[in-house]
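Trainee: Handing you a structure now.
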Amino acid sequence: MTTRETWGTRAGFILAAAGSAIGLGNIWRFPGEAYQYGGGAFLLPYLFAILTAGIPLLLLEYTIGRKYRLGPPSSFRSLYRPAEGIGWWQNAIAFFLATFYAVIIAWALSYMFFSPSLAWGDDAGAFFGVEYLQAGEPLDFFEYRPAMLGALAAVWAVVLLIMAGGVRKGLELANRICIPLLLVLFGIVVVRALTLEGAVDGLNAFFTPRWDKIGDPEIWLAAYAQVFFSLSIGMGTMIAYSSYLRRNSELSTTAVTVGFANSSFELLAGIGVFSVLGFMSSDAGVPIDQLVGTGGGVAFVTFPTILSQMPGGAFVGVLFFATLVVAGITSLISMVIVPFSSFEDRFGWSRKKSVLVLGLPMAAFSLLIYPTANGSSMVDAVDFAVSGYGLVLGGLATIVLAFATGKIKALAAEANRTSMLKLGNVWYACLALTAAVLVFTLYKSIQGQIADLSDPAVANELIYINWGVGGAMILFGAIMTAVLWRRPLPQRAADESVAETV
């Protein structure tokens, strides 16, 4: 019988869950997605997706975590014994996601120090690709880039220090500091952006609805994809986080709060990003639609270019890249907690042992693979393998398991035991709709990969890395299930006392 450390307060859990959801994608992915899929018109399907997919799936994962008070593998085994592999597979997702996500944070950390002198000069694209990344061929392993290596080592040092503190003194404390800091930093960036010449044009481009797109199924699929990927669902994080809740913690309003906190920050990011793009469009005479994009190019090429032209650009640059670092750290620790909670529960490890046996190897793998000549190519390849279908399968498996085992009503009753908003037929219907959207998303993703494999002009080593990483994650889940088949789950003490695991 063991006791389990819990969150100090409900606010601590909400901040941590919101910190997990608010990450790099909110700042550089959502604005571009919104503009591409109808501007203001995109906000309607996006809101619909939050209500019908994001919050219902958050509630499902919160309920599973709080009910069993165990990490993902043990929680899934509690639902259905052979399903333990789903949890271990989510561990593999979290592992690969964390190892390359840390690299992007390291890029942002480097650029925070480049900003005071605007070190990228007149050609931000060449500086990023040639001088900083020194990008080579996809198979150029072990050609290390010292600047990137040092920044990445610093990121992992901070993350492992936070993880060593446990739930209250590590995760909760870090988010209590980082989330307010994030809002202050990005708030200053947004206020400055709104004062720029041309900002109104940028906001008009962002918010003006293009109603002709609202009937396109692709806009609805994009809205669901954005909500799903931005809320950290499908990889075990929310199950792990909610496993540290007290048994009587409220769930429904917590899920609503986290869902809309994430969406509010995405909207704030859109306002800030498009105000700045409006300035660049006005200053350079370039249409906004030629400036909009998603991904690292926006953060490390487009924005530095704008900062060089903006009054006070050096100061804004420090704040902007500091925002990326803080947002990235809160998301990264939520990825690392998945394997930590899983192994601690299944093997009875202390938090110190998890840092040594899991944390250090994760950092070593990240430092070995990514700060190299092919680092950016590897980031793209692994990102697709994990985000392209790994998270989709993870969320789909959770929904299917809850229904197929016949335990969906028991889970609803568990949530209703303490929730203000009662779950029932509407919740079931929303989860079924989400599952259908995820199946279609998975189908389109695999269809595109198969087409690429059959096209010699497109197929290359990175596509095989995609499939190799995906296969490795599934194999890991199957092996762990077989190895632990006869090992019983840990028993939890009935009391709510906190046992520090450090």
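Labels for the structure tokens follow display order: chains A, B, ..., residues from 1 in each chain, ligands from 1.
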Could you list, as a PDB file with C-alpha atoms, in the first residue's frame, every residue within 6 Å of segment 336-341 of chain A, counting only C-alpha atoms and ignoring same-chain residues fewer than 2 positions away?

Mentor:
ATOM      1  CA  GLY A  71       0.170   6.738 -14.716  1.00  0.00           C
ATOM      2  CA  ASN A  91       5.206   6.863 -23.090  1.00  0.00           C
ATOM      3  CA  THR A 237      -0.094  13.887 -20.099  1.00  0.00           C
ATOM      4  CA  ALA A 240      -0.624  11.571 -15.579  1.00  0.00           C
ATOM      5  CA  ILE A 333       7.729  19.182 -18.293  1.00  0.00           C
ATOM      6  CA  SER A 334       4.215  17.926 -19.041  1.00  0.00           C
ATOM      7  CA  PHE A 343       7.667   3.974 -14.228  1.00  0.00           C
ATOM      8  CA  GLU A 344       7.268   5.267 -10.676  1.00  0.00           C
ATOM      9  CA  SER A 354      13.302   8.580 -12.255  1.00  0.00           C
TER      10      SER A 354
END

Trainee: Report the residues of segment 169-296 of chain A whose backbone DSSP state falls under alpha helix (DSSP H), written as JSON, numbers by chain.

Mentor: {"A": [173, 174, 175, 176, 177, 178, 179, 180, 181, 182, 183, 184, 185, 186, 187, 188, 189, 190, 191, 192, 193, 194, 199, 200, 201, 202, 203, 204, 205, 206, 207, 217, 218, 219, 220, 221, 222, 223, 224, 225, 226, 227, 228, 229, 230, 237, 238, 239, 240, 241, 242, 252, 253, 254, 255, 256, 257, 258, 259, 260, 261, 262, 263, 264, 265, 266, 267, 268, 269, 270, 271, 272, 273, 274, 275, 276, 277, 278, 279, 280, 281, 282, 283, 284, 296]}

Trainee: With C-alpha atoms retained, export the selected residues as a compact mmCIF listing (two decimals), in the first residue's frame.

Mentor:
# COMPACT_ATOMS: atom_id res chain seq x y z
CA LEU A 173 5.85 25.68 -8.32
CA ALA A 174 7.29 25.96 -11.84
CA ASN A 175 3.87 26.60 -13.38
CA ARG A 176 2.93 29.09 -10.67
CA ILE A 177 5.98 31.08 -11.74
CA CYS A 178 5.97 30.45 -15.47
CA ILE A 179 2.31 31.02 -16.38
CA PRO A 180 2.04 34.55 -14.90
CA LEU A 181 5.48 35.33 -16.35
CA LEU A 182 4.35 34.07 -19.74
CA LEU A 183 1.26 36.28 -19.69
CA VAL A 184 3.27 39.35 -18.68
CA LEU A 185 5.98 38.81 -21.31
CA PHE A 186 3.60 38.09 -24.17
CA GLY A 187 1.20 40.79 -23.00
CA ILE A 188 3.97 43.38 -23.40
CA VAL A 189 4.76 42.02 -26.88
CA VAL A 190 1.09 42.27 -27.91
CA VAL A 191 0.69 45.81 -26.56
CA ARG A 192 3.80 46.91 -28.44
CA ALA A 193 2.59 45.17 -31.60
CA LEU A 194 -0.77 46.93 -31.45
CA ALA A 199 -1.34 46.79 -37.05
CA VAL A 200 -5.00 47.44 -37.90
CA ASP A 201 -4.49 45.99 -41.38
CA GLY A 202 -3.03 42.87 -39.82
CA LEU A 203 -5.96 42.51 -37.43
CA ASN A 204 -8.40 42.97 -40.30
CA ALA A 205 -6.65 40.16 -42.18
CA PHE A 206 -6.85 37.94 -39.09
CA PHE A 207 -10.45 38.58 -38.07
CA PRO A 217 -15.03 20.21 -44.73
CA GLU A 218 -11.30 20.93 -44.60
CA ILE A 219 -11.81 23.98 -42.37
CA TRP A 220 -13.71 21.86 -39.85
CA LEU A 221 -11.06 19.17 -39.91
CA ALA A 222 -8.36 21.80 -39.40
CA ALA A 223 -10.26 23.24 -36.43
CA TYR A 224 -10.50 19.84 -34.75
CA ALA A 225 -6.83 19.18 -35.45
CA GLN A 226 -5.78 22.49 -33.89
CA VAL A 227 -7.84 21.89 -30.74
CA PHE A 228 -6.68 18.31 -30.41
CA PHE A 229 -2.99 19.03 -30.78
CA SER A 230 -2.96 22.18 -28.67
CA THR A 237 -0.09 13.89 -20.10
CA MET A 238 -3.55 14.69 -18.77
CA ILE A 239 -3.96 11.19 -17.35
CA ALA A 240 -0.62 11.57 -15.58
CA TYR A 241 -1.43 15.07 -14.30
CA SER A 242 -4.91 14.15 -13.07
CA SER A 252 -15.92 19.54 -15.29
CA THR A 253 -15.30 23.23 -14.62
CA THR A 254 -11.58 22.48 -14.49
CA ALA A 255 -11.71 21.08 -18.04
CA VAL A 256 -13.73 24.07 -19.23
CA THR A 257 -11.28 26.48 -17.59
CA VAL A 258 -8.24 24.80 -19.13
CA GLY A 259 -9.86 24.53 -22.57
CA PHE A 260 -10.82 28.18 -22.74
CA ALA A 261 -7.58 29.39 -21.14
CA ASN A 262 -5.71 27.69 -23.95
CA SER A 263 -8.03 29.15 -26.58
CA SER A 264 -7.81 32.64 -25.08
CA PHE A 265 -4.03 32.54 -25.31
CA GLU A 266 -4.25 31.35 -28.92
CA LEU A 267 -6.50 34.30 -29.72
CA LEU A 268 -4.05 36.64 -27.97
CA ALA A 269 -1.24 35.10 -30.02
CA GLY A 270 -3.19 35.73 -33.21
CA ILE A 271 -3.68 39.38 -32.28
CA GLY A 272 0.02 39.84 -31.54
CA VAL A 273 1.31 37.95 -34.56
CA PHE A 274 -0.99 39.62 -37.08
CA SER A 275 -0.36 43.10 -35.69
CA VAL A 276 3.33 42.53 -36.36
CA LEU A 277 2.66 41.04 -39.80
CA GLY A 278 0.50 44.08 -40.60
CA PHE A 279 3.47 46.30 -39.77
CA MET A 280 5.79 44.32 -42.02
CA SER A 281 3.25 44.33 -44.83
CA SER A 282 2.90 48.12 -44.55
CA ASP A 283 6.62 48.73 -44.25
CA ALA A 284 7.78 46.42 -47.05
CA GLY A 296 9.71 27.42 -37.14

Trainee: So, counting only C-alpha atoms, which residue among A:Asn425, A:Gln290, A:Gln134, A:Gln447 is closest to Ser377 of chain A?

Mentor: A:Gln134

Trainee: Identify which of the residues A:Ala314, A:Leu133, A:Leu358, A:Ala299 lies closest to Arg29 of chain A, counting only C-alpha atoms when measuring atom-to-atom distances.

Mentor: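 Among the listed residues, the smallest separation from Arg29 of chain A belongs to A:Ala299.
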
Trainee: Tell me, as a list in words, which residues lie within 10 Å of segment 51-53 of chain A, counting only C-alpha atoms; anything in the same chain fewer than 3 positions away does not count.

Mentor: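 So the residues in contact are Pro45, Tyr46, Leu47, Phe48, Pro56, Leu57, Leu58, Leu59, Tyr224, Ala225, Val227, Phe228, Val256, Gly259, Phe260, Val426, Trp427, Ala429, Cys430, Leu431, Ala432, Leu433, Thr434, Ala435 and Val437 of chain A.
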
Trainee: Atom CA of Val386 of chain A to atom CA of Ser75 of chain A: how many Å, to one decimal?

Mentor: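 Interatomic distance, atom CA of Val386 of chain A to atom CA of Ser75 of chain A: 21.6 Å.
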
Trainee: Which is closer to Gly32 of chain A than all the others in A:Ala482, A:Asp289, A:Arg346, A:Ser20, using only C-alpha atoms?

Mentor: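 Between A:Ala482, A:Asp289, A:Arg346, A:Ser20, the residue approaching Gly32 of chain A most closely is A:Asp289.
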
Trainee: Using only C-alpha atoms, which residues of segment 261-370 of chain A come within 8 Å of segment 109-132 of chain A, and what is the closest atom pair for each, with the distance in Å to one decimal? Give it as JSON lines, sorted by chain and residue number.

Mentor:
{"residue": "A:Phe300", "atom": "CA", "partner": "A:Phe128", "partner_atom": "CA", "distance": 6.7}
{"residue": "A:Val301", "atom": "CA", "partner": "A:Gly125", "partner_atom": "CA", "distance": 5.1}
{"residue": "A:Thr302", "atom": "CA", "partner": "A:Ala124", "partner_atom": "CA", "distance": 7.6}
{"residue": "A:Pro304", "atom": "CA", "partner": "A:Ala124", "partner_atom": "CA", "distance": 6.1}
{"residue": "A:Thr305", "atom": "CA", "partner": "A:Ala124", "partner_atom": "CA", "distance": 5.7}
{"residue": "A:Leu307", "atom": "CA", "partner": "A:Leu118", "partner_atom": "CA", "distance": 7.9}
{"residue": "A:Ser308", "atom": "CA", "partner": "A:Leu118", "partner_atom": "CA", "distance": 6.6}
{"residue": "A:Ala314", "atom": "CA", "partner": "A:Pro116", "partner_atom": "CA", "distance": 4.8}
{"residue": "A:Phe315", "atom": "CA", "partner": "A:Pro116", "partner_atom": "CA", "distance": 6.6}
{"residue": "A:Gly317", "atom": "CA", "partner": "A:Ser115", "partner_atom": "CA", "distance": 5.3}
{"residue": "A:Val318", "atom": "CA", "partner": "A:Met112", "partner_atom": "CA", "distance": 4.9}
{"residue": "A:Leu319", "atom": "CA", "partner": "A:Met112", "partner_atom": "CA", "distance": 7.7}
{"residue": "A:Phe320", "atom": "CA", "partner": "A:Met112", "partner_atom": "CA", "distance": 7.9}
{"residue": "A:Phe321", "atom": "CA", "partner": "A:Met112", "partner_atom": "CA", "distance": 5.1}
{"residue": "A:Ala322", "atom": "CA", "partner": "A:Met112", "partner_atom": "CA", "distance": 6.1}
{"residue": "A:Val325", "atom": "CA", "partner": "A:Leu109", "partner_atom": "CA", "distance": 6.1}

Trainee: Any chance you can output those residues with N, CA, C and O atoms as a PDB file, in the first residue's frame?

Mentor:
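This is the output file again_7.pdb:
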ATOM      1  N   PHE A 300      11.602  31.961 -36.414  1.00  0.00           N
ATOM      2  CA  PHE A 300      13.044  32.157 -36.536  1.00  0.00           C
ATOM      3  C   PHE A 300      13.495  32.812 -37.836  1.00  0.00           C
ATOM      4  O   PHE A 300      14.685  33.062 -38.013  1.00  0.00           O
ATOM      5  N   VAL A 301      12.554  33.076 -38.720  1.00  0.00           N
ATOM      6  CA  VAL A 301      12.905  33.782 -39.962  1.00  0.00           C
ATOM      7  C   VAL A 301      12.037  35.031 -40.124  1.00  0.00           C
ATOM      8  O   VAL A 301      12.544  36.151 -40.185  1.00  0.00           O
ATOM      9  N   THR A 302      10.723  34.833 -40.186  1.00  0.00           N
ATOM     10  CA  THR A 302       9.823  35.970 -40.402  1.00  0.00           C
ATOM     11  C   THR A 302       9.918  36.991 -39.275  1.00  0.00           C
ATOM     12  O   THR A 302      10.078  38.193 -39.517  1.00  0.00           O
ATOM     13  N   PRO A 304      12.303  37.527 -36.836  1.00  0.00           N
ATOM     14  CA  PRO A 304      13.564  38.283 -36.790  1.00  0.00           C
ATOM     15  C   PRO A 304      13.670  39.337 -37.893  1.00  0.00           C
ATOM     16  O   PRO A 304      14.203  40.426 -37.664  1.00  0.00           O
ATOM     17  N   THR A 305      13.163  39.002 -39.085  1.00  0.00           N
ATOM     18  CA  THR A 305      13.173  39.980 -40.172  1.00  0.00           C
ATOM     19  C   THR A 305      12.379  41.225 -39.787  1.00  0.00           C
ATOM     20  O   THR A 305      12.802  42.365 -40.016  1.00  0.00           O
ATOM     21  N   LEU A 307      11.647  42.184 -36.687  1.00  0.00           N
ATOM     22  CA  LEU A 307      12.278  42.847 -35.547  1.00  0.00           C
ATOM     23  C   LEU A 307      13.387  43.794 -35.989  1.00  0.00           C
ATOM     24  O   LEU A 307      13.619  44.830 -35.367  1.00  0.00           O
ATOM     25  N   SER A 308      14.073  43.448 -37.074  1.00  0.00           N
ATOM     26  CA  SER A 308      15.151  44.300 -37.577  1.00  0.00           C
ATOM     27  C   SER A 308      14.618  45.621 -38.116  1.00  0.00           C
ATOM     28  O   SER A 308      15.349  46.612 -38.175  1.00  0.00           O
ATOM     29  N   ALA A 314      14.907  45.154 -30.839  1.00  0.00           N
ATOM     30  CA  ALA A 314      15.788  44.335 -29.997  1.00  0.00           C
ATOM     31  C   ALA A 314      15.102  43.985 -28.679  1.00  0.00           C
ATOM     32  O   ALA A 314      15.142  42.827 -28.221  1.00  0.00           O
ATOM     33  N   PHE A 315      14.444  44.958 -28.064  1.00  0.00           N
ATOM     34  CA  PHE A 315      13.735  44.733 -26.795  1.00  0.00           C
ATOM     35  C   PHE A 315      12.569  43.770 -26.994  1.00  0.00           C
ATOM     36  O   PHE A 315      12.387  42.823 -26.221  1.00  0.00           O
ATOM     37  N   GLY A 317      12.268  41.599 -29.298  1.00  0.00           N
ATOM     38  CA  GLY A 317      12.816  40.281 -29.616  1.00  0.00           C
ATOM     39  C   GLY A 317      13.172  39.489 -28.378  1.00  0.00           C
ATOM     40  O   GLY A 317      12.878  38.286 -28.288  1.00  0.00           O
ATOM     41  N   VAL A 318      13.790  40.149 -27.403  1.00  0.00           N
ATOM     42  CA  VAL A 318      14.107  39.459 -26.146  1.00  0.00           C
ATOM     43  C   VAL A 318      12.836  38.944 -25.493  1.00  0.00           C
ATOM     44  O   VAL A 318      12.759  37.781 -25.045  1.00  0.00           O
ATOM     45  N   LEU A 319      11.803  39.776 -25.439  1.00  0.00           N
ATOM     46  CA  LEU A 319      10.542  39.377 -24.818  1.00  0.00           C
ATOM     47  C   LEU A 319       9.875  38.246 -25.600  1.00  0.00           C
ATOM     48  O   LEU A 319       9.364  37.286 -25.006  1.00  0.00           O
ATOM     49  N   PHE A 320       9.878  38.355 -26.932  1.00  0.00           N
ATOM     50  CA  PHE A 320       9.209  37.347 -27.755  1.00  0.00           C
ATOM     51  C   PHE A 320       9.862  35.977 -27.590  1.00  0.00           C
ATOM     52  O   PHE A 320       9.180  34.968 -27.362  1.00  0.00           O
ATOM     53  N   PHE A 321      11.174  35.923 -27.684  1.00  0.00           N
ATOM     54  CA  PHE A 321      11.840  34.623 -27.583  1.00  0.00           C
ATOM     55  C   PHE A 321      11.850  34.111 -26.142  1.00  0.00           C
ATOM     56  O   PHE A 321      11.832  32.896 -25.910  1.00  0.00           O
ATOM     57  N   ALA A 322      11.831  35.013 -25.164  1.00  0.00           N
ATOM     58  CA  ALA A 322      11.664  34.577 -23.777  1.00  0.00           C
ATOM     59  C   ALA A 322      10.290  33.952 -23.583  1.00  0.00           C
ATOM     60  O   ALA A 322      10.140  32.959 -22.847  1.00  0.00           O
ATOM     61  N   VAL A 325      10.465  30.454 -24.839  1.00  0.00           N
ATOM     62  CA  VAL A 325      11.190  29.589 -23.898  1.00  0.00           C
ATOM     63  C   VAL A 325      10.290  29.191 -22.735  1.00  0.00           C
ATOM     64  O   VAL A 325      10.195  28.006 -22.371  1.00  0.00           O
TER      65      VAL A 325
END

Trainee: Please provide the set of residues having any atom within 10 Å of segment 408-424 of chain A, restricted to only C-alpha atoms, with same-chain residues fewer than 5 positions apart removed, written as a PDB file with N, CA and C atoms, in the first residue's frame.

Mentor:
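Listed below is the output, out_20.pdb:
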ATOM      1  N   PRO A  56     -14.642  17.564 -23.954  1.00  0.00           N
ATOM      2  CA  PRO A  56     -15.057  16.185 -23.649  1.00  0.00           C
ATOM      3  C   PRO A  56     -13.892  15.211 -23.501  1.00  0.00           C
ATOM      4  N   LEU A  59     -12.058  15.812 -20.287  1.00  0.00           N
ATOM      5  CA  LEU A  59     -12.818  15.228 -19.178  1.00  0.00           C
ATOM      6  C   LEU A  59     -12.610  13.717 -19.082  1.00  0.00           C
ATOM      7  N   LEU A  60     -12.546  13.053 -20.230  1.00  0.00           N
ATOM      8  CA  LEU A  60     -12.316  11.612 -20.221  1.00  0.00           C
ATOM      9  C   LEU A  60     -10.953  11.289 -19.621  1.00  0.00           C
ATOM     10  N   GLU A  61      -9.916  12.003 -20.034  1.00  0.00           N
ATOM     11  CA  GLU A  61      -8.577  11.727 -19.522  1.00  0.00           C
ATOM     12  C   GLU A  61      -8.455  12.134 -18.050  1.00  0.00           C
ATOM     13  N   TYR A  62      -9.056  13.253 -17.663  1.00  0.00           N
ATOM     14  CA  TYR A  62      -9.046  13.641 -16.250  1.00  0.00           C
ATOM     15  C   TYR A  62      -9.696  12.564 -15.391  1.00  0.00           C
ATOM     16  N   THR A  63     -10.824  12.039 -15.870  1.00  0.00           N
ATOM     17  CA  THR A  63     -11.572  11.051 -15.089  1.00  0.00           C
ATOM     18  C   THR A  63     -10.781   9.761 -14.933  1.00  0.00           C
ATOM     19  N   ILE A  64     -10.164   9.298 -16.011  1.00  0.00           N
ATOM     20  CA  ILE A  64      -9.363   8.075 -15.941  1.00  0.00           C
ATOM     21  C   ILE A  64      -8.208   8.256 -14.960  1.00  0.00           C
ATOM     22  N   ARG A  66      -7.863  10.475 -12.425  1.00  0.00           N
ATOM     23  CA  ARG A  66      -8.269  10.633 -11.023  1.00  0.00           C
ATOM     24  C   ARG A  66      -8.841   9.343 -10.453  1.00  0.00           C
ATOM     25  N   LYS A  67      -9.571   8.595 -11.249  1.00  0.00           N
ATOM     26  CA  LYS A  67     -10.208   7.359 -10.769  1.00  0.00           C
ATOM     27  C   LYS A  67      -9.172   6.337 -10.324  1.00  0.00           C
ATOM     28  N   ARG A 247      -9.147  12.748  -4.509  1.00  0.00           N
ATOM     29  CA  ARG A 247     -10.281  11.954  -4.992  1.00  0.00           C
ATOM     30  C   ARG A 247     -11.549  12.779  -5.186  1.00  0.00           C
ATOM     31  N   ASN A 248     -11.681  13.871  -4.466  1.00  0.00           N
ATOM     32  CA  ASN A 248     -12.893  14.680  -4.557  1.00  0.00           C
ATOM     33  C   ASN A 248     -12.689  15.964  -5.355  1.00  0.00           C
ATOM     34  N   SER A 249     -11.640  16.025  -6.130  1.00  0.00           N
ATOM     35  CA  SER A 249     -11.382  17.212  -6.943  1.00  0.00           C
ATOM     36  C   SER A 249     -12.454  17.372  -8.022  1.00  0.00           C
ATOM     37  N   GLU A 250     -12.875  18.600  -8.249  1.00  0.00           N
ATOM     38  CA  GLU A 250     -13.869  18.895  -9.278  1.00  0.00           C
ATOM     39  C   GLU A 250     -13.226  18.769 -10.661  1.00  0.00           C
ATOM     40  N   LEU A 251     -13.958  18.212 -11.636  1.00  0.00           N
ATOM     41  CA  LEU A 251     -13.379  17.948 -12.950  1.00  0.00           C
ATOM     42  C   LEU A 251     -13.977  18.793 -14.064  1.00  0.00           C
ATOM     43  N   SER A 252     -15.282  18.953 -14.106  1.00  0.00           N
ATOM     44  CA  SER A 252     -15.915  19.537 -15.288  1.00  0.00           C
ATOM     45  C   SER A 252     -15.540  21.004 -15.485  1.00  0.00           C
ATOM     46  N   THR A 253     -15.655  21.821 -14.445  1.00  0.00           N
ATOM     47  CA  THR A 253     -15.301  23.231 -14.616  1.00  0.00           C
ATOM     48  C   THR A 253     -13.796  23.404 -14.806  1.00  0.00           C
ATOM     49  N   THR A 254     -13.023  22.449 -14.261  1.00  0.00           N
ATOM     50  CA  THR A 254     -11.576  22.482 -14.490  1.00  0.00           C
ATOM     51  C   THR A 254     -11.257  22.291 -15.966  1.00  0.00           C
ATOM     52  N   VAL A 256     -13.267  22.883 -18.517  1.00  0.00           N
ATOM     53  CA  VAL A 256     -13.731  24.067 -19.230  1.00  0.00           C
ATOM     54  C   VAL A 256     -12.733  25.215 -19.072  1.00  0.00           C
ATOM     55  N   ILE A 399     -10.658   6.775 -26.452  1.00  0.00           N
ATOM     56  CA  ILE A 399     -12.113   6.814 -26.622  1.00  0.00           C
ATOM     57  C   ILE A 399     -12.663   5.422 -26.895  1.00  0.00           C
ATOM     58  N   VAL A 400     -12.023   4.706 -27.830  1.00  0.00           N
ATOM     59  CA  VAL A 400     -12.497   3.372 -28.196  1.00  0.00           C
ATOM     60  C   VAL A 400     -12.458   2.433 -26.988  1.00  0.00           C
ATOM     61  N   LEU A 401     -11.394   2.526 -26.204  1.00  0.00           N
ATOM     62  CA  LEU A 401     -11.260   1.661 -25.035  1.00  0.00           C
ATOM     63  C   LEU A 401     -12.376   1.913 -24.026  1.00  0.00           C
ATOM     64  N   ALA A 402     -12.697   3.190 -23.785  1.00  0.00           N
ATOM     65  CA  ALA A 402     -13.750   3.512 -22.817  1.00  0.00           C
ATOM     66  C   ALA A 402     -15.093   2.933 -23.244  1.00  0.00           C
ATOM     67  N   PHE A 403     -15.396   2.991 -24.544  1.00  0.00           N
ATOM     68  CA  PHE A 403     -16.671   2.460 -25.030  1.00  0.00           C
ATOM     69  C   PHE A 403     -16.635   0.940 -25.166  1.00  0.00           C
ATOM     70  N   ALA A 429     -22.032  11.379 -27.106  1.00  0.00           N
ATOM     71  CA  ALA A 429     -22.141  11.744 -28.521  1.00  0.00           C
ATOM     72  C   ALA A 429     -20.930  12.557 -28.973  1.00  0.00           C
TER      73      ALA A 429
END

Trainee: Which residues come within 10 Å of Ala11 of chain A, counting only C-alpha atoms, excluding same-chain residues fewer than 4 positions away, as a ChimeraX atom specification?

Mentor: /A:7,15-17,172,176,254

Trainee: Using only C-alpha atoms, which of A:Tyr101, A:Tyr35, A:Tyr80, A:Phe303 sits nearest Ser376 of chain A?

Mentor: A:Tyr101

Trainee: From the set A:Ser74, A:Leu245, A:Arg145, A:Pro82, which residue has the shortest atom-to-atom contact distance to Gly8 of chain A, counting only C-alpha atoms?

Mentor: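 Of A:Ser74, A:Leu245, A:Arg145, A:Pro82, the one nearest Gly8 of chain A, counting only C-alpha atoms, is A:Leu245.
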
Trainee: Measuring atom to atom with only C-alpha atoms, identify which of A:Val103, A:Glu5, A:Gly348, A:Arg487 is nearest to Lys169 of chain A.

Mentor: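 So, comparing all the options, the nearest one is A:Glu5.
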
Trainee: What's the separation between atom CA of Gly470 of chain A and atom CA of Met163 of chain A, in Å to one decimal place?

Mentor: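 Going from atom CA of Gly470 of chain A over to atom CA of Met163 of chain A, I get 26.8 Å.
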
Trainee: Could you work out how far atom CA of Arg351 of chain A lies from atom CA of Gly166 of chain A, giving the answer in Å with one decimal?

Mentor: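 Atom-to-atom, atom CA of Gly166 of chain A and atom CA of Arg351 of chain A are spaced 6.6 Å apart.
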